[in-house]
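Novice: Dropping the structure in here first, questions after.
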Amino acid sequence: MFAEVVESAGFGQIIPPMFEDLGVFLRLGEATDIVTKEMYDFEDKGGRRVALRPEMTAGVVRAFVQHRPLLPWKAWYAGPNFRYEKAQQGRYRQFDQVGVEVLGVDDPHLDAEVISLAWDFYGRLGLRQVRLVVNSLGEPQDRSRYVDALRVYFSQDLAALSPESRQTLERNPLRVLDSKREQDAPLVAAAPVISDFYSADAAEHFARVLAGLDHLAIPYEVRPSLVRGLDYYRKTTFEFIGAALESSQNAVGGGGRYDGLVEDLGGPSTPGIGFALGVDRTLLECDAEGVFGAPANPVSVFVVDVTGGAEALTLTHDLRAAGIASDRAYEGRSMKSQMKAADRSGATFAIIIGGDELASGAVTVRPLAGQVGDDRTQSTIPRTELIPMLKRVLPS
């Protein structure tokens, strides 16, 4: 479904490598937790320092710098990333993402369009409680002045900050705004806001992004404390919040503009914007909202064979060849044991082959409890009639 949404907007798939030269990811910002704490890096047999990818934007931009495709370049991706961090619900050391990147366009309408692709994807999944929050980090000079102001502001009351945020303040004052700790909440709430530091161009860019979202009828909340987790963002930043998730890890996706990252990786000055959506958290949000029904039973028929197992081998093969999902027990188990396995399988029918059935070329068809009402009436039919009968009674 994600591919359908983004390919309809002209995106082509790229498959970034699972690991890159460490230097590619160090460009994400050495004050970023992903770089300082969470990245899996190691030395390969050639003595090179490499890292498992903690995110995909840097790898996609590195590929752009290396191959220089025509602009604008629209790429989408899917796959796992890796971060060494404390595992908890919604935060895993290996996690999957889907996302897009657009390089070569600095147009506020593109920002709105990129956001709309993620919004449309969540809508097509059936999610109705995902909320969009947006902000702008302005131009690099705006951000620099804002960081200085935050450093002064938080330093005036260090004792009120949590020990973790005091450490963060030394590395990157901007990231203190990310704190979810109750101790930090009052100071964070009263902190200076980035909009007071925008240049005229940055303010106009953000206003046009918001106007674009208004034109698309996409609801949003402007959240001045939204800074995202990577240092390469500037101007537009955004995040999608799964409101149905009870965990504190309720951001199901996000992204923003990263003009300047191409230059950091050795390429020409090239604007860029993209997003990444967490597959794991999106699925948790789907479960929380109940957008998917109960999964279908994996098999329709369970074959119970108490004549040695060869008949079950043949019959399950024939059933699968006819398009009927089927399973069986192994190791010559007893009738009782095999019937318990049949009940656990979720199958609609048990097909029983005993000595009498084998001798007469027949099978016994027994409806299983909970699958076809309370009717447990079984019948014995010629084996040649089994597949036509199942095709008549099983859902197509």
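The chains in the structure tokens are called A, B, ... from first to last as shown; in each chain the residues are counted from 1, and the ligands are counted from 1 in the order shown.
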Could you go through segment 140-382 of chain A and tell me which residues DSSP, when run on the backbone, assigns to strand (DSSP E), listing them as a ChimeraX atom specification?

Specialist: /A:221-222,236-242,251-257,272-278,301-305,326-328,349-353,362-367,379-382

Novice: With only C-alpha atoms as the counted atoms, please give the residues lying no more than 8 Å from Ile352 of chain A, apart from itself and same-chain residues fewer than 6 positions off, as number ranges by chain.

Specialist: A: 303-305, 363-366

Novice: Can you pull out the residues contacting segment 105-113 of chain A? Cut-off 6 Å, using only C-alpha atoms, and skip same-chain residues under 3 positions away; I want them as a list in words.

Specialist: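 The contact residues come out as Ser116, His205, Arg208, Val209, Gly212, Leu213 and Pro271 of chain A.
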
Novice: Quick one: residues within 10 Å of Thr348 of chain A, only C-alpha atoms, excluding same-chain residues fewer than 4 positions away - as an mmCIF file with C-alpha atoms, in the first residue's frame?

Specialist:
data_model
loop_
_atom_site.group_PDB
_atom_site.id
_atom_site.type_symbol
_atom_site.label_atom_id
_atom_site.label_comp_id
_atom_site.auth_asym_id
_atom_site.auth_seq_id
_atom_site.Cartn_x
_atom_site.Cartn_y
_atom_site.Cartn_z
ATOM 1 C CA ASN A 297 -7.228 -18.883 9.921
ATOM 2 C CA VAL A 299 -5.437 -23.306 7.227
ATOM 3 C CA SER A 300 -8.891 -24.503 6.265
ATOM 4 C CA VAL A 301 -8.346 -28.236 6.691
ATOM 5 C CA PHE A 302 -6.364 -30.347 9.152
ATOM 6 C CA ALA A 342 -6.630 -29.904 14.690
ATOM 7 C CA ASP A 343 -8.692 -27.873 17.176
ATOM 8 C CA ARG A 366 -15.547 -33.596 10.901
ATOM 9 C CA PRO A 367 -16.469 -29.909 11.468
ATOM 10 C CA LEU A 368 -14.298 -28.408 14.185
ATOM 11 C CA ALA A 369 -15.673 -26.578 17.215
ATOM 12 C CA GLY A 370 -16.082 -22.830 16.891
ATOM 13 C CA GLN A 371 -15.652 -22.833 13.126
ATOM 14 C CA VAL A 372 -19.049 -23.902 11.783
ATOM 15 C CA LEU A 394 -15.278 -23.288 2.134
#

Novice: Please provide as a list in words all residues within 12 Å of Glu182 of chain A, with the sequence filter that same-chain residues fewer than 4 positions apart are discarded (counting only C-alpha atoms).

Specialist: Ala160, Leu161, Ser162, Ser165, Asp178, Pro186, Leu187, Val188 and Ala189 of chain A

Novice: Store the residues picked out above, limited to N, CA and C atoms, as a CSV table (one decimal), in the first residue's frame.

Specialist:
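Ended up saving to result.csv:
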chain,number,residue,atom,x,y,z
A,160,ALA,N,16.8,22.7,38.5
A,160,ALA,CA,15.5,22.3,38.1
A,160,ALA,C,15.4,21.3,37.0
A,161,LEU,N,16.6,21.1,36.3
A,161,LEU,CA,16.6,20.1,35.2
A,161,LEU,C,17.0,18.8,35.8
A,162,SER,N,16.5,17.7,35.1
A,162,SER,CA,16.9,16.4,35.4
A,162,SER,C,18.4,16.2,35.1
A,165,SER,N,19.0,15.7,31.4
A,165,SER,CA,18.8,16.9,30.6
A,165,SER,C,20.0,17.9,30.8
A,178,ASP,N,13.2,17.9,23.9
A,178,ASP,CA,12.6,16.6,23.6
A,178,ASP,C,12.3,15.9,24.9
A,186,PRO,N,8.1,21.8,33.4
A,186,PRO,CA,7.9,23.3,33.6
A,186,PRO,C,8.9,24.2,32.9
A,187,LEU,N,10.1,23.8,33.0
A,187,LEU,CA,11.1,24.6,32.3
A,187,LEU,C,11.0,24.6,30.8
A,188,VAL,N,10.7,23.4,30.2
A,188,VAL,CA,10.5,23.2,28.8
A,188,VAL,C,9.3,24.0,28.3
A,189,ALA,N,8.2,24.0,29.1
A,189,ALA,CA,7.0,24.7,28.7
A,189,ALA,C,7.2,26.2,28.6

Novice: Which residue out of A:Gly23, A:Pro382, A:Gly274, A:Pro140 has the minimum interatomic distance to Phe11 of chain A when only C-alpha atoms are used?

Specialist: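 Ranked by minimum distance to Phe11 of chain A, first place goes to A:Gly274.
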
Novice: Between A:Glu221, A:Glu246, A:Asp44, A:Glu285, single out the one closest to Tyr122 of chain A, counting only C-alpha atoms.

Specialist: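 Under the stated criterion, the closest residue is A:Glu285.
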
Novice: What does the distance between atom CA of Gln13 of chain A and atom CA of Val100 of chain A come to in Å, to one decimal place?

Specialist: 8.9 Å
